[in-house]
Amino acid sequence: MINPSAINSLGFMKLLISRQIMPLLRPTPGAAVPQERLAPKGGNPLTHAAAPPAGFHSSFPSLSTKNAGQPHVWDFESQAAFPGSASFPGAPSAQRRPTIRRRQKWKWRWPWEKEEQPAGERVIVLNNPGMNDEFCSNFVSTSKYNAITFTPKFFKEQFSKYANVFFLFTACIQQIPGVSPTNQYTTIAPLAVVLLASAFKEIQEDMKRHRSDSELNARAAKVLNESLGFDLCKWKDIRVGDVVRVESDEFIPADLVLISSSEPEGLCYIETSNLDGETNLKIKQASPQTSSLTSPTLVGGLHGSLRSEQPNNSLYTYEGTLDLVTDAGMPKQVPLGPDQLLLRGAQLRNTPWVYGIVVFTGHETKLLRNATAAPIKRTAVEKQVNVHIIFLFGFLLALSIGSTIGASINTWFLSSQQWYLLQTSSFTGRAKAFVEDILTFIILYNNLIPISLIVTTEVVRLQHAALISADLDMYYEVRDTPAVVRTSSLVEDLGRVEFVFADKTGTLTRNEMVFRAASIAGVAYAEEVDPGRASEEDGREIWRTFTDLRALLESSSGRSATELSAVGDEQDRERATAVAHEFMTLLAVCHTVIPEVRDGKIHYQASSPDEAALVAGAELLGYQFHTRKPRSVFINARGSPVEYEILNVCEFNSSRKRMSTVVRAPDGKIKLYCKGADTVILERLGKHQTFTEKTLSHLEDYATEGLRTLCVAYRDVPEAEYRQWSTIYDQAASTLSGRSEALDTAAELIEKDLVLLGATAIEDKLQEGVPDTIHTLQMAGIKVWVLTGDRQETAINIGMSCRLIAESMNLVIVNEETSHDTSEFIFKRLSAIKNQRSTGELEDLALIIDGKSLGFALQKELAKSFLELALLCKAVICCRVSPLQKALVVKLVKKNQDSILLAIGDGANDVSMIQAAHVGVGISGLEGLQAARSADVAISQFRYLKKLLLVHGAWSYQRLSKLILYSFYKNITLYMTQFWYSFFNNFSGQIAYESWTITFYNVLFTVLPPFVIGIFDQFVSARVLDRYPQLYMLGQRNVFFTKTVFWLWIANALYHSLILFGFSVIIFWGDLKQATGLDSGHWFWGTTLYLIVLLTVLGKAALISDLWTKYTVAAIPGSFVFTMIFLPLYAWIAPLIGFSTEYYGLVPRLWTDAVFYFMLLLVPFICLARDFAWKYYRRTYMPLSYHIAQELQKYNIPDYRPRQEQFQKAIKKVRAVQRMRRSRGFAFSQTEGNRQDQARIIRAYDTSKSEARPSGY
């Protein structure tokens, strides 16, 4: 009987009743919250009084096998039935009451208001959807805008560009009557075009995100309805409290509490590579008290509530309690923990179906709690342009004030000499005129800042994005996936990246484990043997193939002379065959793998992908594991069925670094099979081992190649010894306190005097081209950091195989348990490294830090020291990190380093990291594309990153730098002539050129050269950039867009404008007389000056173009030809229609005058002679690295750099062996801290009765 007094103050009875008056019990703002209402640290108070979570089997009664195959009713002691209430029906009735789903209430929240974090616990009513409408929907959005937020967000982003603010200001003052010297629409119209073009681009890019979100939200899931059937429901329509059926290989649509599954004892397998980067399958287990609910009727009969912790971002913790009402109306608490929580984004594997209750939805799921809002990113070049625009505006203001002072001097002091002008003499009038003159001159000089620059750069960036998408070298034919640029405004930052933060699983690796090699009885076998190892050259040992091993296992006679030489005489050969048989039997028997037959083929379920690879390798070599029963396993050994009785399993953990299985062989003998890291196996071997030295040599060879290795050994156990040990083991297994340590101690007693059989080598397959890509990126000056959820040994192995960790590097491993220890370690190592480097001794270091230590290292007082240590290392690997920690590492570097950061990943766990970096790259083409959807660029393979950065990034940065500098140059060259002209027109604000001709300058006559330079120019070819990755450092050092370069271009523009204006004034001094006897006039001179300015800036474009194409010819010479045709037509037609009268009668006089053509030839040549001379001098006597590369490219000079490959290989081998002796990775990747008992799990399975599993319907 359950004593009601034992239930705490918020026990089930009180909770049910208080649900009716919950609003009255909720504390008012400012009132004290009862302490028992708050779950400590996000926890649930009742879980501490309840039984431990499922999976901790030592604390709950063992499950009986009675009534197997039949769903049993609640096995609770009877007590007085709970009468029920409106919310909780008490004892279930035969008729299920239909419920009406109410619309969720929506509360307005201002953007500046912080979201209220709910305190206490979340209460979810079971099978009563109408009572759960207060929770958020399952709709998910990763877009930047929606219909309401687009306008304010867009204008905020656009007017964060100071050029747009300046032009808006200019357009406003142009509307003041009597102030503007130009037409009032000449600024506002181009600005509107610029904003519309930017809006179109933003809408186009955000629509892609909306489509991706719509596709995700429209995925179908099976939700239990009122009729106890399943409806196909869109993900976005799933709500808290719904019962969802998830089937094998489907993604989990929301955070679910596991109720039951098709597997024994409510087990299921989950792949979480999308969440934490780990490829090994996680075992989840329903509570024993709900695991029998394997039909819709039984699940629909659940009554009561689920009390849960509030939404949070911790992927690895969960606390909750099911408050149920039994058939007898009796309340009952069922504790829930992380073993019962299925996270959104994870994938159900090797389990036909599961039932789950939705506990968190949408943006409240743990996955999305780790994500951040899609940020508005701006490039470093754009930020620099903003700064330069401020200085240029200051320069413009100074010119305007100077011109106004000049006008005031004329007005105030020289008015008597200008009696024919109507000028005010009052102080008020003069003050008003002073202000108006400032505004007039601001409008006159406003195009010193080019209005076309914004739209030009946006269009060019879009074109760069199109070129990246169209690049066939970055097209992945296997999945028909091109590269996609989702945020084109960041393309130039691709050319300035200094840090790359990469996920491991799915980004660097393929998520595939393959059994590659084995050392058996001192003989090395491999799937593929390198030609250098297939012969005895240089006295090296011959490696055999798996074909040879298969032949050895299948027959003990008829061997060739070559094969006999490998194993010696007849006796040695028989012994080698026996060892090989024992070796393969161990691989097929010693594991926790569950076989499953699908489509006539055996598939292996494993919490460790390494174990699955070993079992698959044994199958390949003729030892097939096919059936598991609670007490035995069945294998086909070379075609013969064999049964091994499983007596005991000593599980793997991070301290043991091994696992053992005690079996009874078909001949009745008891054997101990053991596999684990070489360090722990070798110290447990008996005396007189024959193969140890050769096996160690092979281990070093495998480790050098980055393979994950295990040693395998066995021993025969006498019956009497086993009986004595079994008693000790059973006592340890029944221990309640310190059970794990007791089992480890018991295992030590039998894991001794082992006989070494050999070693295995598993390849965690890298994506194609990963080592070469990382090596090339490092040569380009890019620091690569790997942030992964995998365990330490796995991460180190991958770091070695992908060439991130070089053989010469010393490893700095931070693996501490407390903040104090972490701080002490970091400070000590930092001090030691600094002292070492102060003596001139430089040593390459690689930093390895686990998630726990990283959590301490990211604390405010330690963060900068950790970063300093990391920056002193050539490679950094952070393992066992959460998605939020990935983002925090990126933000730490971003905050403290003035560098461009790129993050690349493939899973949902990488989204926050991708969004935190300056540029986010997602790997597309795999299942679960959330990273690609949230990224700025999506590519299919990691190796494409090399061309994306070193070629497209370098081109984009150089092109846009040149485009921006040229755009400022061409505008300043033209508009500074206006300033020089002010000295000749009494600073009256008179313009030198016709109003619309000034507008045509940017809109028509010089619009194409920036586009062509920005889209097609190449300072060196892709081939040269690939051959010399060091050229990428030009972008990292910002060589093409420094402050010095910018102001040199401005100075050059001032020089050109002065030369052009000066020569025009000298030639036209006193007004040029034409042959007709008429004066040439103001517009004659102004148009001539305009055209020589135009020809000069087009000539400058020709000088700075590194690559000439047909588009370059059309844009530069073509623009001048177009002007010489268009301008006369405009000057002839405009006066006729009354549009512009300034050009009346100009065409026949100007275009027939010889002086006009003389100036077109002479003045631009004089201007550009200095530029050409400087270009020659710079390239000849002060060349930069890309100048030399251009010559190599032009003259096709071959690369004569020495390649000491054999020497480098020898050095690599020596260094690798030296380091591998200190640290060698081993092939186990089961979840550490696993709450499930592997031995109990495998004993729950009887795969010979797989057809007896429930269907779930």
# chains A, B, ... in the order shown; residues from 1 in each chain; ligands from 1
$ residues_around --residues "stretch 795-807 of chain A" --least-positions-apart "3" --cutoff "8 Å" --atoms "only C-alpha atoms" --output "list in words"
Lys504, Leu508, Glu705, Gly706, Leu707, Arg708, Asp764, Leu766, Val770, Pro771, Asp772, Ile774, His775, Val784, Thr788, Asp790, Arg791, Gln792, Ala846, Ile848, Ala875, Ile877, Cys879, Lys1212, Arg1215, Ala1216, Arg1219 and Gly1225 of chain A
$ write_last_selection --atoms "C-alpha atoms" --output "mmCIF file, in the first residue's frame"
data_model
loop_
_atom_site.group_PDB
_atom_site.id
_atom_site.type_symbol
_atom_site.label_atom_id
_atom_site.label_comp_id
_atom_site.auth_asym_id
_atom_site.auth_seq_id
_atom_site.Cartn_x
_atom_site.Cartn_y
_atom_site.Cartn_z
ATOM 1 C CA LYS A 504 34.447 16.072 -37.349
ATOM 2 C CA LEU A 508 35.809 15.415 -42.089
ATOM 3 C CA GLU A 705 48.290 5.532 -41.051
ATOM 4 C CA GLY A 706 45.710 6.928 -38.625
ATOM 5 C CA LEU A 707 43.864 3.633 -38.109
ATOM 6 C CA ARG A 708 42.056 2.823 -34.850
ATOM 7 C CA ASP A 764 37.156 5.836 -39.675
ATOM 8 C CA LEU A 766 37.640 10.308 -44.124
ATOM 9 C CA VAL A 770 40.390 15.875 -46.438
ATOM 10 C CA PRO A 771 44.115 15.464 -45.542
ATOM 11 C CA ASP A 772 45.250 17.375 -48.622
ATOM 12 C CA ILE A 774 43.715 20.631 -44.350
ATOM 13 C CA HIS A 775 47.402 20.597 -45.277
ATOM 14 C CA VAL A 784 42.163 24.711 -38.376
ATOM 15 C CA THR A 788 33.542 17.555 -32.111
ATOM 16 C CA ASP A 790 33.290 12.521 -30.196
ATOM 17 C CA ARG A 791 35.512 11.142 -27.469
ATOM 18 C CA GLN A 792 39.132 12.092 -27.071
ATOM 19 C CA ALA A 846 48.552 20.450 -30.729
ATOM 20 C CA ILE A 848 43.443 18.606 -27.090
ATOM 21 C CA ALA A 875 46.279 22.611 -34.158
ATOM 22 C CA ILE A 877 40.890 19.784 -31.086
ATOM 23 C CA CYS A 879 36.212 16.932 -28.001
ATOM 24 C CA LYS A 1212 57.372 10.944 -40.927
ATOM 25 C CA ARG A 1215 58.406 10.721 -35.721
ATOM 26 C CA ALA A 1216 55.153 8.810 -35.867
ATOM 27 C CA ARG A 1219 54.854 9.628 -30.710
ATOM 28 C CA GLY A 1225 44.233 5.599 -30.200
#
$ residues_around --residues "stretch 254-263 of chain A" --least-positions-apart "2" --cutoff "9 Å" --atoms "only C-alpha atoms" --output "number ranges by chain"
A: 138, 235, 238-240, 243-244, 252, 265-268, 284-294, 299, 336, 339-345, 351-362, 364-367, 1244-1245, 1253-1256
$ residues_around --residues "A:Ala521" --least-positions-apart "3" --cutoff "7 Å" --atoms "only C-alpha atoms" --output "PyMOL selection string"
chain A and resi 576+579+691+757-758
$ residues_around --residues "stretch 670-683 of chain A" --least-positions-apart "3" --cutoff "7 Å" --atoms "only C-alpha atoms" --output "compact mmCIF listing (two decimals) with N, CA and C atoms, in the first residue's frame"
# COMPACT_ATOMS: atom_id res chain seq x y z
N LEU A 586 36.83 -14.84 -31.77
CA LEU A 586 36.73 -13.76 -30.79
C LEU A 586 35.98 -12.57 -31.38
N CYS A 590 32.81 -11.90 -29.09
CA CYS A 590 33.06 -10.95 -28.00
C CYS A 590 32.61 -9.55 -28.41
N LYS A 657 39.19 0.53 -20.60
CA LYS A 657 39.67 0.55 -21.98
C LYS A 657 39.70 -0.84 -22.60
N ARG A 658 38.79 -1.68 -22.20
CA ARG A 658 38.73 -3.04 -22.76
C ARG A 658 37.35 -3.62 -22.43
N MET A 659 36.99 -4.69 -23.10
CA MET A 659 35.81 -5.47 -22.74
C MET A 659 36.16 -6.94 -22.84
N SER A 660 35.50 -7.75 -22.02
CA SER A 660 35.75 -9.19 -22.01
C SER A 660 34.43 -9.93 -22.01
N THR A 661 34.46 -11.11 -22.58
CA THR A 661 33.30 -11.99 -22.57
C THR A 661 33.77 -13.38 -22.14
N VAL A 662 33.10 -13.93 -21.15
CA VAL A 662 33.38 -15.30 -20.71
C VAL A 662 32.37 -16.21 -21.40
N VAL A 663 32.84 -17.18 -22.19
CA VAL A 663 31.96 -18.03 -22.99
C VAL A 663 32.27 -19.49 -22.72
N ARG A 664 31.27 -20.31 -22.99
CA ARG A 664 31.49 -21.75 -22.99
C ARG A 664 31.43 -22.22 -24.45
N ALA A 665 32.54 -22.77 -24.92
CA ALA A 665 32.66 -23.19 -26.31
C ALA A 665 31.87 -24.47 -26.55
N LEU A 710 43.03 -2.14 -31.92
CA LEU A 710 42.69 -2.91 -30.72
C LEU A 710 43.61 -4.12 -30.66
N CYS A 711 43.98 -4.52 -29.47
CA CYS A 711 44.64 -5.81 -29.28
C CYS A 711 43.59 -6.82 -28.84
N VAL A 712 43.73 -8.05 -29.29
CA VAL A 712 42.80 -9.12 -28.91
C VAL A 712 43.59 -10.26 -28.28
N ALA A 713 43.01 -10.82 -27.21
CA ALA A 713 43.69 -11.90 -26.49
C ALA A 713 42.63 -12.82 -25.87
N TYR A 714 43.07 -13.98 -25.44
CA TYR A 714 42.13 -14.92 -24.83
C TYR A 714 42.87 -15.75 -23.80
N ARG A 715 42.13 -16.51 -23.04
CA ARG A 715 42.70 -17.52 -22.16
C ARG A 715 41.67 -18.59 -21.90
N ASP A 716 42.14 -19.80 -21.63
CA ASP A 716 41.27 -20.88 -21.19
C ASP A 716 41.11 -20.77 -19.68
N VAL A 717 39.87 -20.87 -19.22
CA VAL A 717 39.57 -20.71 -17.80
C VAL A 717 39.15 -22.07 -17.24
N PRO A 718 39.87 -22.60 -16.28
CA PRO A 718 39.45 -23.87 -15.66
C PRO A 718 38.08 -23.74 -15.01
N GLU A 719 37.34 -24.85 -15.00
CA GLU A 719 35.98 -24.85 -14.46
C GLU A 719 35.95 -24.39 -13.01
N PHE A 1226 42.61 3.91 -29.64
CA PHE A 1226 42.03 2.57 -29.71
C PHE A 1226 40.59 2.67 -30.17
$ select_by_dssp --residues "stretch 958-1187 of chain A" --states "alpha helix (DSSP H)" --output "ChimeraX atom specification"
/A:958-982,995-1000,1008-1016,1022-1027,1033-1036,1043-1067,1082-1104,1110-1115,1117-1136,1147-1150,1154-1181,1185-1187
$ atom_distance --atom1 "atom CA of A:Tyr1143" --atom2 "atom CA of A:Leu974"
19.3 Å
$ atom_distance --atom1 "atom CA of A:Phe1084" --atom2 "atom CA of A:Leu1162"
17.6 Å
$ residues_around --residues "A:Leu871" --least-positions-apart "5" --cutoff "9 Å" --atoms "only C-alpha atoms" --output "list of chain:residue names"
A:Lys783, A:Phe866, A:Val876
$ residues_around --residues "A:Arg1179" --least-positions-apart "5" --cutoff "12 Å" --atoms "only C-alpha atoms" --output "list in words"
Phe1172, Ala1173, Trp1174, Leu1184, Ser1185, Tyr1186, His1187, Ile1188, Ala1189, Gln1190 and Glu1191 of chain A
$ select_by_dssp --residues "stretch 597-828 of chain A" --states "strand (DSSP E or B)" --output "PyMOL selection string"
chain A and resi 597-598+601-605+623-629+632-637+640-650+658-664+670-676+685+708-717+754-766+783-787+810-814
$ residues_around --residues "A:Gln978" --least-positions-apart "6" --cutoff "8 Å" --atoms "only C-alpha atoms" --output "list in words"
Leu444, Tyr445, Ile991 and Ala992 of chain A
$ write_last_selection --atoms "C-alpha atoms" --output "mmCIF file, in the first residue's frame"
data_model
loop_
_atom_site.group_PDB
_atom_site.id
_atom_site.type_symbol
_atom_site.label_atom_id
_atom_site.label_comp_id
_atom_site.auth_asym_id
_atom_site.auth_seq_id
_atom_site.Cartn_x
_atom_site.Cartn_y
_atom_site.Cartn_z
ATOM 1 C CA LEU A 444 27.037 69.758 -55.324
ATOM 2 C CA TYR A 445 29.791 67.520 -53.940
ATOM 3 C CA ILE A 991 27.773 73.563 -61.779
ATOM 4 C CA ALA A 992 30.257 72.837 -64.539
#
$ atom_distance --atom1 "atom CA of A:Phe515" --atom2 "atom CA of A:Leu756"
19.3 Å
